[in-house]
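Enquirer: Enclosed is the structure file query17.txt (compact mmCIF, C-alpha atoms and all ligand atoms).
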```
# COMPACT_ATOMS: atom_id res chain seq x y z
CA MET A 1 -35.08 8.71 -47.14
CA ASN A 2 -32.11 9.55 -49.30
CA ILE A 3 -29.33 7.11 -50.15
CA SER A 4 -26.18 8.82 -51.45
CA ARG A 5 -23.61 7.02 -53.60
CA HIS A 6 -19.80 7.12 -53.54
CA PHE A 7 -19.94 9.23 -50.44
CA SER A 8 -16.84 10.62 -48.72
CA LEU A 9 -16.64 9.77 -45.01
CA ARG A 10 -13.86 12.27 -44.31
CA SER A 11 -15.98 14.47 -42.05
CA TYR A 12 -17.65 11.42 -40.48
CA ASN A 13 -14.57 9.92 -38.81
CA SER A 14 -12.38 11.65 -36.23
CA PHE A 15 -9.19 10.40 -37.93
CA GLY A 16 -10.29 12.49 -40.94
CA ILE A 17 -9.58 9.65 -43.36
CA ASP A 18 -10.89 10.28 -46.84
CA ALA A 19 -12.50 6.86 -47.33
CA ARG A 20 -15.53 6.42 -49.53
CA THR A 21 -18.56 4.33 -48.92
CA ASP A 22 -20.51 2.96 -51.89
CA PHE A 23 -23.81 3.97 -50.25
CA PHE A 24 -24.61 6.31 -47.36
CA SER A 25 -27.70 7.37 -45.49
CA SER A 26 -28.70 8.54 -42.05
CA PHE A 27 -31.74 7.44 -40.06
CA HIS A 28 -33.70 9.08 -37.26
CA THR A 29 -36.07 6.28 -36.25
CA ARG A 30 -36.17 2.50 -36.33
CA GLU A 31 -38.88 2.66 -39.02
CA GLU A 32 -36.63 4.80 -41.23
CA LEU A 33 -33.75 2.36 -40.66
CA GLU A 34 -35.97 -0.51 -41.85
CA GLU A 35 -37.03 1.43 -44.95
CA ILE A 36 -33.42 2.20 -45.87
CA LEU A 37 -32.35 -1.40 -45.36
CA ALA A 38 -35.21 -2.61 -47.59
CA GLU A 39 -34.25 -0.10 -50.28
CA TYR A 40 -30.57 -1.03 -49.99
CA HIS A 41 -31.40 -4.66 -50.63
CA THR A 42 -32.96 -3.70 -53.95
CA ILE A 43 -29.89 -1.73 -55.13
CA ALA A 44 -26.94 -3.59 -53.59
CA SER A 45 -25.01 -6.15 -55.57
CA ALA A 46 -25.40 -9.72 -54.30
CA ALA A 47 -21.83 -9.67 -52.93
CA HIS A 48 -22.44 -6.63 -50.72
CA LYS A 49 -26.01 -7.01 -49.44
CA ASP A 50 -24.70 -7.82 -45.96
CA ASP A 51 -22.11 -5.04 -45.88
CA ILE A 52 -23.88 -2.70 -43.47
CA LEU A 53 -21.83 -0.40 -41.27
CA ILE A 54 -23.45 1.56 -38.46
CA LEU A 55 -21.72 4.80 -37.66
CA GLY A 56 -22.08 7.02 -34.61
CA GLY A 57 -19.63 9.90 -34.21
CA GLY A 58 -16.87 7.99 -36.02
CA SER A 59 -14.45 8.55 -33.14
CA ASN A 60 -13.32 4.97 -32.65
CA ILE A 61 -12.95 3.76 -36.20
CA LEU A 62 -10.11 3.64 -38.74
CA PHE A 63 -10.96 3.24 -42.42
CA THR A 64 -8.08 1.43 -44.13
CA ARG A 65 -10.07 1.09 -47.37
CA ASP A 66 -13.22 2.28 -49.06
CA TYR A 67 -16.34 0.60 -47.71
CA PRO A 68 -18.04 -1.55 -50.34
CA GLY A 69 -21.52 -1.49 -48.75
CA ILE A 70 -23.83 0.96 -47.03
CA THR A 71 -22.79 3.18 -44.13
CA LEU A 72 -25.70 4.23 -41.96
CA LYS A 73 -25.35 7.15 -39.60
CA ASN A 74 -27.45 6.74 -36.50
CA GLU A 75 -29.31 10.01 -35.76
CA ILE A 76 -31.88 8.72 -33.27
CA ARG A 77 -32.35 11.53 -30.75
CA GLY A 78 -34.05 12.19 -27.44
CA ILE A 79 -33.41 11.89 -23.72
CA THR A 80 -36.40 10.86 -21.59
CA ALA A 81 -36.91 9.73 -18.01
CA VAL A 82 -38.47 6.27 -18.09
CA ARG A 83 -38.45 5.36 -14.40
CA GLU A 84 -37.70 6.93 -11.06
CA ASP A 85 -37.37 5.83 -7.45
CA ASP A 86 -36.06 7.48 -4.29
CA GLN A 87 -32.43 7.09 -5.28
CA HIS A 88 -32.31 6.79 -9.04
CA ILE A 89 -33.60 8.17 -12.26
CA TYR A 90 -33.50 6.04 -15.40
CA LEU A 91 -32.81 8.00 -18.56
CA LYS A 92 -33.39 6.58 -22.02
CA VAL A 93 -31.01 8.18 -24.48
CA GLY A 94 -31.26 7.92 -28.27
CA ALA A 95 -28.23 6.29 -29.89
CA GLY A 96 -27.58 9.39 -32.01
CA GLU A 97 -27.29 11.75 -29.04
CA ASN A 98 -23.81 13.17 -28.53
CA TRP A 99 -22.28 11.51 -25.46
CA HIS A 100 -20.91 14.66 -23.87
CA GLY A 101 -24.26 16.37 -24.51
CA PHE A 102 -25.88 13.59 -22.47
CA VAL A 103 -23.27 14.04 -19.71
CA ARG A 104 -24.05 17.76 -19.57
CA TYR A 105 -27.79 17.07 -19.53
CA CYS A 106 -27.25 14.90 -16.42
CA ILE A 107 -24.93 17.37 -14.67
CA ASP A 108 -27.32 20.29 -15.29
CA ARG A 109 -30.10 18.35 -13.54
CA GLY A 110 -27.98 17.03 -10.68
CA PHE A 111 -28.05 13.41 -11.89
CA ALA A 112 -24.80 11.74 -10.92
CA GLY A 113 -22.74 8.95 -12.41
CA VAL A 114 -21.45 10.07 -15.80
CA GLU A 115 -19.47 13.18 -14.81
CA ASN A 116 -16.13 11.31 -14.86
CA LEU A 117 -16.93 10.38 -18.45
CA SER A 118 -17.05 14.01 -19.58
CA LEU A 119 -15.73 14.96 -23.01
CA ILE A 120 -15.49 11.43 -24.42
CA PRO A 121 -16.22 11.97 -28.13
CA GLY A 122 -18.88 10.04 -29.99
CA ASN A 123 -22.50 9.13 -29.49
CA ALA A 124 -24.53 7.38 -26.81
CA GLY A 125 -25.30 4.42 -29.09
CA ALA A 126 -21.65 3.43 -29.25
CA SER A 127 -21.08 3.79 -25.51
CA PRO A 128 -21.94 0.14 -24.72
CA MET A 129 -19.96 -1.17 -27.72
CA GLN A 130 -16.68 -0.94 -25.86
CA ASN A 131 -18.04 -0.09 -22.39
CA ILE A 132 -16.49 3.37 -22.56
CA GLY A 133 -14.49 4.35 -19.53
CA ALA A 134 -12.29 7.03 -18.06
CA TYR A 135 -11.07 8.33 -14.72
CA GLY A 136 -12.25 5.40 -12.61
CA VAL A 137 -15.72 4.89 -14.16
CA GLU A 138 -17.03 2.62 -16.92
CA ILE A 139 -20.55 2.78 -18.35
CA LYS A 140 -21.23 -0.72 -17.08
CA ASP A 141 -21.42 0.87 -13.59
CA LEU A 142 -24.61 2.74 -14.56
CA PHE A 143 -25.94 0.82 -17.52
CA HIS A 144 -29.50 -0.46 -17.11
CA GLU A 145 -30.48 -1.87 -20.51
CA LEU A 146 -30.45 -1.20 -24.23
CA GLU A 147 -32.74 -1.77 -27.15
CA ALA A 148 -31.25 -3.02 -30.38
CA PHE A 149 -32.51 -3.97 -33.83
CA HIS A 150 -31.48 -7.34 -35.24
CA ILE A 151 -30.64 -6.52 -38.86
CA LYS A 152 -31.37 -9.96 -40.37
CA ASP A 153 -34.36 -10.97 -38.19
CA LYS A 154 -35.82 -7.42 -38.21
CA ALA A 155 -36.56 -7.87 -34.52
CA LEU A 156 -36.21 -5.59 -31.50
CA VAL A 157 -34.16 -7.13 -28.71
CA ARG A 158 -33.50 -5.87 -25.18
CA PHE A 159 -30.12 -6.44 -23.59
CA SER A 160 -29.50 -6.31 -19.83
CA ALA A 161 -26.04 -5.52 -18.49
CA GLU A 162 -25.45 -9.23 -18.09
CA ASP A 163 -26.44 -9.89 -21.72
CA CYS A 164 -23.89 -7.29 -22.88
CA ARG A 165 -20.98 -9.13 -21.20
CA PHE A 166 -19.13 -5.92 -20.49
CA GLY A 167 -15.40 -6.07 -19.95
CA TYR A 168 -12.57 -3.56 -20.16
CA ARG A 169 -13.22 -1.77 -23.51
CA ASP A 170 -15.31 -4.78 -24.47
CA SER A 171 -18.83 -6.14 -24.93
CA VAL A 172 -20.69 -8.85 -26.79
CA PHE A 173 -21.18 -6.35 -29.65
CA LYS A 174 -17.47 -6.54 -30.48
CA HIS A 175 -17.54 -10.32 -30.79
CA LYS A 176 -20.53 -12.65 -31.14
CA TYR A 177 -22.87 -9.84 -32.22
CA LYS A 178 -20.41 -7.79 -34.26
CA GLY A 179 -22.41 -6.26 -37.14
CA VAL A 180 -25.55 -8.14 -36.08
CA PHE A 181 -27.43 -5.44 -34.16
CA VAL A 182 -28.07 -1.73 -34.45
CA ILE A 183 -28.22 -0.16 -30.99
CA LEU A 184 -31.22 2.20 -30.94
CA GLN A 185 -31.58 3.40 -27.33
CA VAL A 186 -29.64 2.98 -24.11
CA VAL A 187 -31.11 3.34 -20.62
CA TYR A 188 -28.77 4.64 -17.92
CA ARG A 189 -29.41 4.64 -14.17
CA LEU A 190 -28.26 7.90 -12.60
CA ASN A 191 -28.01 8.69 -8.90
CA LYS A 192 -30.20 11.47 -7.57
CA THR A 193 -27.79 11.93 -4.68
CA PRO A 194 -24.24 12.39 -5.92
CA VAL A 195 -21.65 9.79 -4.98
CA PHE A 196 -18.48 11.59 -6.02
CA ASN A 197 -15.74 9.45 -7.50
CA THR A 198 -12.36 11.13 -7.20
CA SER A 199 -10.44 7.87 -6.73
CA TYR A 200 -8.38 8.56 -9.84
CA GLY A 201 -5.44 10.52 -8.46
CA ALA A 202 -5.21 13.11 -11.19
CA ILE A 203 -8.77 14.32 -10.44
CA GLU A 204 -7.92 15.17 -6.81
CA GLU A 205 -4.81 17.03 -7.97
CA GLU A 206 -6.73 18.97 -10.60
CA LEU A 207 -9.51 19.89 -8.11
CA GLU A 208 -6.82 21.27 -5.80
CA ARG A 209 -5.23 23.17 -8.63
CA MET A 210 -8.67 24.59 -9.49
CA LYS A 211 -9.03 25.56 -5.79
CA VAL A 212 -12.41 23.81 -5.58
CA THR A 213 -13.72 23.88 -2.03
CA GLY A 214 -17.19 22.30 -2.31
CA LEU A 215 -17.26 19.19 -4.48
CA SER A 216 -19.92 19.19 -7.20
CA LEU A 217 -20.72 17.26 -10.37
CA ALA A 218 -19.82 20.33 -12.41
CA ALA A 219 -16.43 20.66 -10.65
CA ILE A 220 -15.53 17.01 -11.27
CA SER A 221 -16.63 17.32 -14.87
CA GLN A 222 -14.48 20.43 -15.30
CA ALA A 223 -11.48 18.72 -13.67
CA VAL A 224 -11.82 15.78 -16.07
CA ILE A 225 -12.19 18.17 -19.03
CA ASN A 226 -9.03 20.03 -17.96
CA ILE A 227 -6.98 16.84 -17.60
CA ARG A 228 -8.21 15.41 -20.88
CA SER A 229 -7.60 18.66 -22.76
CA SER A 230 -4.04 18.83 -21.43
CA LYS A 231 -3.02 15.50 -22.96
CA LEU A 232 -5.45 14.31 -25.60
CA PRO A 233 -5.44 15.94 -29.03
CA ASP A 234 -8.70 17.57 -30.10
CA PRO A 235 -9.94 15.66 -33.18
CA GLY A 236 -11.16 19.01 -34.53
CA GLN A 237 -7.51 20.08 -34.74
CA ILE A 238 -5.67 16.83 -35.40
CA GLY A 239 -7.16 13.54 -36.53
CA ASN A 240 -7.20 10.73 -33.96
CA ALA A 241 -9.43 8.15 -32.29
CA GLY A 242 -8.20 8.36 -28.70
CA SER A 243 -6.18 5.41 -27.42
CA PHE A 244 -5.26 3.27 -30.40
CA PHE A 245 -4.47 0.20 -28.26
CA LYS A 246 -5.93 -1.19 -25.06
CA ASN A 247 -3.82 -1.31 -21.93
CA PRO A 248 -2.71 -4.96 -21.64
CA THR A 249 -3.07 -7.05 -18.50
CA VAL A 250 -0.27 -9.45 -17.53
CA SER A 251 0.18 -11.91 -14.66
CA ALA A 252 1.71 -10.74 -11.37
CA GLU A 253 4.78 -12.89 -12.13
CA LYS A 254 5.25 -11.32 -15.54
CA TYR A 255 4.88 -7.86 -13.99
CA ALA A 256 7.51 -8.67 -11.35
CA SER A 257 9.97 -9.75 -14.02
CA LEU A 258 9.21 -6.65 -16.14
CA SER A 259 9.75 -4.43 -13.07
CA GLU A 260 13.21 -5.92 -12.60
CA ARG A 261 14.16 -5.26 -16.18
CA PHE A 262 12.35 -1.92 -16.47
CA PRO A 263 12.32 -0.18 -13.07
CA GLY A 264 9.41 2.26 -12.77
CA ILE A 265 7.16 0.49 -15.28
CA PRO A 266 3.63 1.54 -14.27
CA GLY A 267 1.27 -1.28 -13.26
CA TYR A 268 -2.21 -1.24 -11.72
CA PRO A 269 -3.84 -4.26 -10.03
CA SER A 270 -6.62 -5.52 -12.31
CA GLY A 271 -8.59 -8.67 -11.59
CA GLU A 272 -6.11 -11.50 -11.26
CA GLY A 273 -3.26 -9.61 -12.92
CA VAL A 274 -1.64 -6.25 -13.43
CA LYS A 275 -2.69 -3.70 -16.05
CA LEU A 276 0.22 -2.08 -17.86
CA ALA A 277 0.27 1.39 -19.40
CA ALA A 278 0.62 0.85 -23.15
CA GLY A 279 1.45 4.56 -23.59
CA TRP A 280 4.46 4.22 -21.28
CA MET A 281 5.80 1.20 -23.17
CA ILE A 282 5.29 2.89 -26.54
CA GLU A 283 7.15 5.95 -25.26
CA GLN A 284 10.00 3.73 -24.00
CA CYS A 285 10.28 2.29 -27.50
CA GLY A 286 10.95 5.80 -28.77
CA TRP A 287 7.74 6.40 -30.72
CA LYS A 288 6.34 9.41 -28.86
CA GLY A 289 6.18 12.35 -31.28
CA TYR A 290 7.27 10.13 -34.20
CA ARG A 291 5.99 11.13 -37.62
CA SER A 292 6.18 9.44 -40.99
CA GLY A 293 4.48 11.50 -43.68
CA ASP A 294 1.20 12.51 -42.06
CA ALA A 295 0.87 9.44 -39.84
CA GLY A 296 2.22 9.89 -36.34
CA CYS A 297 2.33 9.13 -32.66
CA HIS A 298 1.10 12.03 -30.53
CA SER A 299 3.75 14.08 -28.78
CA ARG A 300 1.86 14.30 -25.44
CA GLN A 301 0.22 10.85 -25.33
CA ALA A 302 2.04 8.01 -27.08
CA LEU A 303 -1.05 5.76 -26.99
CA VAL A 304 -2.79 8.09 -29.43
CA LEU A 305 -1.95 7.76 -33.12
CA VAL A 306 -2.65 10.81 -35.21
CA ASN A 307 -3.33 11.95 -38.75
CA HIS A 308 -1.47 15.21 -39.31
CA GLY A 309 -3.51 15.89 -42.44
CA ASN A 310 -3.57 13.53 -45.35
CA ALA A 311 -2.42 10.18 -43.99
CA SER A 312 -4.33 7.19 -45.30
CA GLY A 313 -5.90 4.72 -42.90
CA LYS A 314 -3.52 2.10 -44.25
CA GLU A 315 -0.51 4.23 -43.29
CA ILE A 316 -1.83 4.74 -39.76
CA ASN A 317 -2.60 1.05 -39.41
CA GLU A 318 0.87 0.11 -40.68
CA LEU A 319 2.45 2.50 -38.18
CA SER A 320 0.36 0.88 -35.41
CA GLU A 321 1.72 -2.51 -36.42
CA ARG A 322 5.32 -1.31 -36.31
CA ILE A 323 4.65 0.13 -32.84
CA ALA A 324 3.04 -3.08 -31.57
CA LYS A 325 5.95 -5.12 -32.98
CA SER A 326 8.54 -3.02 -31.16
CA VAL A 327 6.60 -3.26 -27.87
CA GLN A 328 6.40 -7.02 -28.38
CA GLU A 329 10.15 -7.21 -28.97
CA LYS A 330 11.17 -5.01 -26.05
CA PHE A 331 8.63 -6.07 -23.39
CA GLU A 332 7.26 -9.37 -24.75
CA VAL A 333 3.78 -7.92 -24.33
CA THR A 334 1.10 -8.01 -27.02
CA LEU A 335 -0.90 -4.87 -27.71
CA ASP A 336 -4.48 -5.28 -28.92
CA LYS A 337 -6.13 -2.55 -30.92
CA GLU A 338 -8.95 -0.63 -29.30
CA VAL A 339 -9.93 1.18 -32.49
CA ASN A 340 -12.31 -0.62 -34.87
CA ILE A 341 -10.47 -1.28 -38.12
CA ILE A 342 -12.43 -1.31 -41.37
P1 LIG B 1 -18.08 5.10 -33.87
O1 LIG B 1 -16.64 5.37 -34.03
O2 LIG B 1 -19.01 5.72 -34.84
O3 LIG B 1 -18.31 3.53 -33.87
C1 LIG B 1 -17.52 2.68 -33.08
C2 LIG B 1 -17.95 1.23 -33.33
O4 LIG B 1 -19.28 1.04 -32.86
C3 LIG B 1 -18.00 0.86 -34.81
O5 LIG B 1 -17.65 -0.50 -34.93
C4 LIG B 1 -19.45 1.08 -35.20
O6 LIG B 1 -19.84 0.27 -36.31
C5 LIG B 1 -20.16 0.68 -33.93
N1 LIG B 1 -21.41 1.42 -33.67
C6 LIG B 1 -21.52 2.76 -33.45
N2 LIG B 1 -22.79 3.07 -33.16
C7 LIG B 1 -23.50 1.92 -33.21
C8 LIG B 1 -24.87 1.59 -32.99
N3 LIG B 1 -25.79 2.52 -32.68
N4 LIG B 1 -25.26 0.30 -33.13
C9 LIG B 1 -24.35 -0.65 -33.46
N5 LIG B 1 -23.05 -0.41 -33.66
C10 LIG B 1 -22.62 0.86 -33.53
N6 LIG B 1 -13.13 5.90 -25.38
C11 LIG B 1 -13.18 5.56 -24.07
O7 LIG B 1 -13.74 4.50 -23.72
N7 LIG B 1 -12.63 6.35 -23.11
C12 LIG B 1 -12.01 7.51 -23.40
O8 LIG B 1 -11.54 8.20 -22.52
C13 LIG B 1 -11.94 7.91 -24.76
N8 LIG B 1 -11.32 9.05 -25.11
C14 LIG B 1 -11.26 9.43 -26.42
C15 LIG B 1 -10.62 10.63 -26.75
C16 LIG B 1 -10.54 11.03 -28.06
C17 LIG B 1 -9.86 12.34 -28.40
C18 LIG B 1 -11.13 10.25 -29.09
C19 LIG B 1 -11.12 10.72 -30.51
C20 LIG B 1 -11.77 9.05 -28.77
C21 LIG B 1 -11.82 8.61 -27.44
N9 LIG B 1 -12.44 7.40 -27.07
C22 LIG B 1 -12.53 7.05 -25.75
C23 LIG B 1 -12.99 6.52 -28.09
C24 LIG B 1 -14.43 6.90 -28.54
O9 LIG B 1 -14.75 8.20 -28.16
C25 LIG B 1 -15.47 5.95 -27.94
O10 LIG B 1 -15.19 4.62 -28.30
C26 LIG B 1 -16.88 6.29 -28.40
O11 LIG B 1 -17.82 5.53 -27.68
C27 LIG B 1 -17.09 6.05 -29.89
O12 LIG B 1 -18.36 6.55 -30.23
P2 LIG B 1 -18.77 6.87 -31.71
O13 LIG B 1 -20.20 7.21 -31.72
O14 LIG B 1 -17.84 7.87 -32.30
O15 LIG B 1 -18.53 5.44 -32.37
N1 LIG B 2 2.22 7.39 -20.09
C1 LIG B 2 3.52 7.63 -20.48
N2 LIG B 2 3.72 8.14 -21.73
C2 LIG B 2 2.71 8.43 -22.57
C3 LIG B 2 1.37 8.17 -22.17
C4 LIG B 2 1.15 7.65 -20.90
O1 LIG B 2 4.47 7.37 -19.75
O2 LIG B 2 2.98 8.89 -23.67
C5 LIG B 2 1.98 6.88 -18.73
C6 LIG B 2 1.39 7.97 -17.81
O3 LIG B 2 2.39 8.76 -17.25
C7 LIG B 2 0.67 7.14 -16.78
C8 LIG B 2 0.18 5.94 -17.59
O4 LIG B 2 1.01 5.86 -18.75
O5 LIG B 2 1.55 6.69 -15.81
C9 LIG B 2 -1.29 6.03 -17.99
O6 LIG B 2 -1.50 7.18 -18.78
P1 LIG B 2 -2.89 7.99 -18.78
O7 LIG B 2 -3.32 8.28 -17.39
O8 LIG B 2 -2.76 9.12 -19.73
O9 LIG B 2 -3.97 6.97 -19.30
P2 LIG B 2 -3.92 5.85 -20.42
O10 LIG B 2 -3.77 4.53 -19.76
O11 LIG B 2 -2.95 6.18 -21.49
C10 LIG B 2 -6.48 5.38 -20.30
C11 LIG B 2 -7.56 5.12 -21.30
C12 LIG B 2 -8.12 6.43 -21.80
C13 LIG B 2 -8.70 7.19 -20.62
C14 LIG B 2 -7.61 7.42 -19.58
C15 LIG B 2 -8.16 8.03 -18.29
C16 LIG B 2 -7.18 2.99 -22.36
C17 LIG B 2 -6.71 2.26 -23.56
N3 LIG B 2 -7.06 4.31 -22.40
O12 LIG B 2 -5.41 6.00 -21.00
O13 LIG B 2 -9.17 6.15 -22.73
O14 LIG B 2 -9.26 8.42 -21.04
O15 LIG B 2 -6.99 6.17 -19.23
O16 LIG B 2 -8.97 7.10 -17.62
O17 LIG B 2 -7.66 2.37 -21.41
C18 LIG B 2 -9.61 5.73 -25.01
O18 LIG B 2 -10.05 4.63 -24.65
O19 LIG B 2 -9.64 6.10 -26.21
C19 LIG B 2 -9.05 6.63 -24.02
C20 LIG B 2 -8.54 7.82 -24.32
```
If you took the structure in this file and wrote it as structure tokens, what would it be?
Ligand code: FAD
Ligand code: EPU
Expert:
Amino acid sequence: MNISRHFSLRSYNSFGIDARTDFFSSFHTREELEEILAEYHTIASAAHKDDILILGGGSNILFTRDYPGITLKNEIRGITAVREDDQHIYLKVGAGENWHGFVRYCIDRGFAGVENLSLIPGNAGASPMQNIGAYGVEIKDLFHELEAFHIKDKALVRFSAEDCRFGYRDSVFKHKYKGVFVILQVVYRLNKTPVFNTSYGAIEEELERMKVTGLSLAAISQAVINIRSSKLPDPGQIGNAGSFFKNPTVSAEKYASLSERFPGIPGYPSGEGVKLAAGWMIEQCGWKGYRSGDAGCHSRQALVLVNHGNASGKEINELSERIAKSVQEKFEVTLDKEVNII
């Protein structure tokens, strides 16, 4: 166990923000996590004993300040089959496993379900936090259960899908249990017989473009990778955290009135209402490709805010607020942040 002090998180967050954390350590097992927490309690000032931030790949977080507590990087590894029946295999994945690595593990073995979620950055442990989703699939569709550590009670707790209260980019871990639990392992239920999901139009188009004749998990994965790479900036090249805002849902009546005022506004049926494309509205407000200093709005995907180099988290957050204000003024629609702001 090694606790570092005044540690730069620049290479630990995909925005590349040079925030510092007063204390930093990584852990590979639950036992090690407990040891570090006990040690931290002996060195932390009274005001910051409860400031404990769990970090995965840092791809959905924006540091707007230095962190005055301990940042703990989850490095719990391992993928193991824990159950199997005729149709499914249940894989337990350590929270510190890279998500796309897990997706590839499944594809290589013919286990279906996660291929549409190819190339989403970050680690498996964060996947239930916001019920990650893309191209017609959300993890709630294949989630079985997770094991988490209650920081204060020092207890292990299992959560079923129902306990997690998954919603669009949402779970109980973003609300009631924010900062309360450390997710240690997640169990996913994969199909042994592929059920291909190409419902998302762009996938079909890309498969055609790729001239794929026989559908396979690898082909769908590659199609998703191609689409994603064509619009989303690679955090290795330019700092970002994917979509900065969620796509808002409005009532059917509100959508009808928006359609009259803004012909062509995209809308997708969602539950009782209509989901709007935040990226489209942001583009209509003129922000696409905008840059102020090193903080900007991506030139190919307006929903993605970027750090061109040395922007501070505060600058990016301030830009996001200007963007949300202009969308509010033009469309009377409120944008909620998807990214976790520290
Ligand atoms: P982090 O950023 O490290 O953490 C996110 C939050 O979860 C923080 O609040 C953190 O404290 C908490 N947390 C992390 N791990 C744990 C744990 N083990 N226990 C308790 N709390 C924890 N998301 C999508 O849903 N769909 C997409 O298509 C998508 N595309 C993206 C594209 C790009 C280019 C980028 C940069 C991001 C994209 N994202 C997308 C967002 C991001 O990849 C996901 O939210 C991902 O799950 C974050 O994982 P992480 O390990 O990096 O989490
Ligand atoms: N659009 C524009 N201009 C833009 C961006 C988008 O007009 O600058 C339009 C597109 O033309 C399209 C619509 O908006 O009609 C939707 O765009 P896109 O298909 O690119 O998807 P998105 O709604 O912007 C969502 C997720 C992504 C996910 C993709 C694919 C949210 C907040 N974002 O993006 O998730 O990968 O769909 O499923 O739901 C993330 O969460 O970080 C993320 C990247």
Enquirer: Which residue is closest to A:Val93? Choose from A:Leu305, A:Ile265, A:Cys106, A:Met281 and count all atoms listed in the file.
Expert: A:Cys106
Enquirer: Just the number, please: distance in Å from atom CA of A:Lys325 to atom CA of A:Cys285, one decimal.
Expert: 10.2 Å
Enquirer: All residues within 6 Å of ligand LIG 1 (chain B) are required, counting all atoms listed in the file; please report them as a PyMOL selection string.
Expert: chain A and resi 14+53-61+74+95+120-123+125-127+129+132-134+181-184+232-235+240-242+340
Enquirer: Please provide as a count of residues only all residues within 12 Å of A:Gly264, with the sequence filter that same-chain residues fewer than 4 positions apart are discarded (counting only C-alpha atoms).
Expert: 10
Enquirer: Using all atoms listed in the file, determine which residues fall within 7 Å of ligand LIG 2 (chain B), then list them as a PyMOL selection string.
Expert: chain A and resi 132-136+241-247+266+277-280+283+288+300-303+338
Enquirer: Next, write the just-selected residues to a file, as a PDB file, in the frame of the given file, keeping C-alpha atoms as the atom set.
Expert:
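The result, stored in out_19.pdb:
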```pdb
ATOM      1  CA  ILE A 132     -16.490   3.370 -22.560  1.00  0.00           C
ATOM      2  CA  GLY A 133     -14.490   4.350 -19.530  1.00  0.00           C
ATOM      3  CA  ALA A 134     -12.290   7.030 -18.060  1.00  0.00           C
ATOM      4  CA  TYR A 135     -11.070   8.330 -14.720  1.00  0.00           C
ATOM      5  CA  GLY A 136     -12.250   5.400 -12.610  1.00  0.00           C
ATOM      6  CA  ALA A 241      -9.430   8.150 -32.290  1.00  0.00           C
ATOM      7  CA  GLY A 242      -8.200   8.360 -28.700  1.00  0.00           C
ATOM      8  CA  SER A 243      -6.180   5.410 -27.420  1.00  0.00           C
ATOM      9  CA  PHE A 244      -5.260   3.270 -30.400  1.00  0.00           C
ATOM     10  CA  PHE A 245      -4.470   0.200 -28.260  1.00  0.00           C
ATOM     11  CA  LYS A 246      -5.930  -1.190 -25.060  1.00  0.00           C
ATOM     12  CA  ASN A 247      -3.820  -1.310 -21.930  1.00  0.00           C
ATOM     13  CA  PRO A 266       3.630   1.540 -14.270  1.00  0.00           C
ATOM     14  CA  ALA A 277       0.270   1.390 -19.400  1.00  0.00           C
ATOM     15  CA  ALA A 278       0.620   0.850 -23.150  1.00  0.00           C
ATOM     16  CA  GLY A 279       1.450   4.560 -23.590  1.00  0.00           C
ATOM     17  CA  TRP A 280       4.460   4.220 -21.280  1.00  0.00           C
ATOM     18  CA  GLU A 283       7.150   5.950 -25.260  1.00  0.00           C
ATOM     19  CA  LYS A 288       6.340   9.410 -28.860  1.00  0.00           C
ATOM     20  CA  ARG A 300       1.860  14.300 -25.440  1.00  0.00           C
ATOM     21  CA  GLN A 301       0.220  10.850 -25.330  1.00  0.00           C
ATOM     22  CA  ALA A 302       2.040   8.010 -27.080  1.00  0.00           C
ATOM     23  CA  LEU A 303      -1.050   5.760 -26.990  1.00  0.00           C
ATOM     24  CA  GLU A 338      -8.950  -0.630 -29.300  1.00  0.00           C
TER      25      GLU A 338
END
```
Enquirer: Considering all atoms listed in the file, state which residue in the set A:Leu62, A:Cys297, A:Ile43, A:Leu190 is at the smallest distance from A:Ser4.
Expert: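 Ranking A:Leu62, A:Cys297, A:Ile43, A:Leu190 by distance to A:Ser4, first place goes to A:Ile43.
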Enquirer: Excluding A:Gly101 and its own-chain neighbours fewer than 3 positions away, which residues fall within 12 Å of it when counting all atoms listed in the file? Please give them as a ChimeraX atom specification.
Expert: /A:77-79,93-94,96-98,104-108,114-115,117-124
Enquirer: With only C-alpha atoms as the atoms that count, which of A:Asp18, A:Asp294, A:Phe27, A:Ile227 lies nearest to A:Arg209?
Expert: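 Of the candidates, the smallest distance to A:Arg209 is held by A:Ile227.
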Enquirer: With 12 Å as the cut-off and all atoms listed in the file counted, what is the closest atom pair between each nearby residue of stretch 3-61 of chain A and stretch 147-171 of chain A? Distances in Å to one decimal, ordered by chain and number, as a Markdown table.
Expert:
```
| residue | atom | partner | partner_atom | distance |
| --- | --- | --- | --- | --- |
| A:Thr29 | CA | A:Phe149 | CA | 11.1 |
| A:Arg30 | CA | A:Phe149 | CA | 7.8 |
| A:Glu31 | CA | A:Phe149 | CA | 10.6 |
| A:Leu33 | CA | A:Phe149 | CA | 9.4 |
| A:Glu34 | CA | A:Lys154 | CA | 7.8 |
| A:Glu35 | CA | A:Lys154 | CA | 11.2 |
| A:Ile36 | CA | A:Ile151 | CA | 11.5 |
| A:Leu37 | CA | A:Ile151 | CA | 8.4 |
| A:Ala38 | CA | A:Lys154 | CA | 10.6 |
| A:His41 | CA | A:Lys152 | CA | 11.5 |
| A:Lys49 | CA | A:Lys152 | CA | 10.9 |
| A:Asp50 | CA | A:Lys152 | CA | 9.0 |
| A:Asp51 | CA | A:Ile151 | CA | 11.1 |
| A:Ile52 | CA | A:Ile151 | CA | 9.0 |
| A:Leu53 | CA | A:Ile151 | CA | 11.0 |
| A:Ile54 | CA | A:Ile151 | CA | 10.8 |
| A:Asn60 | CA | A:Arg169 | CA | 11.4 |
```
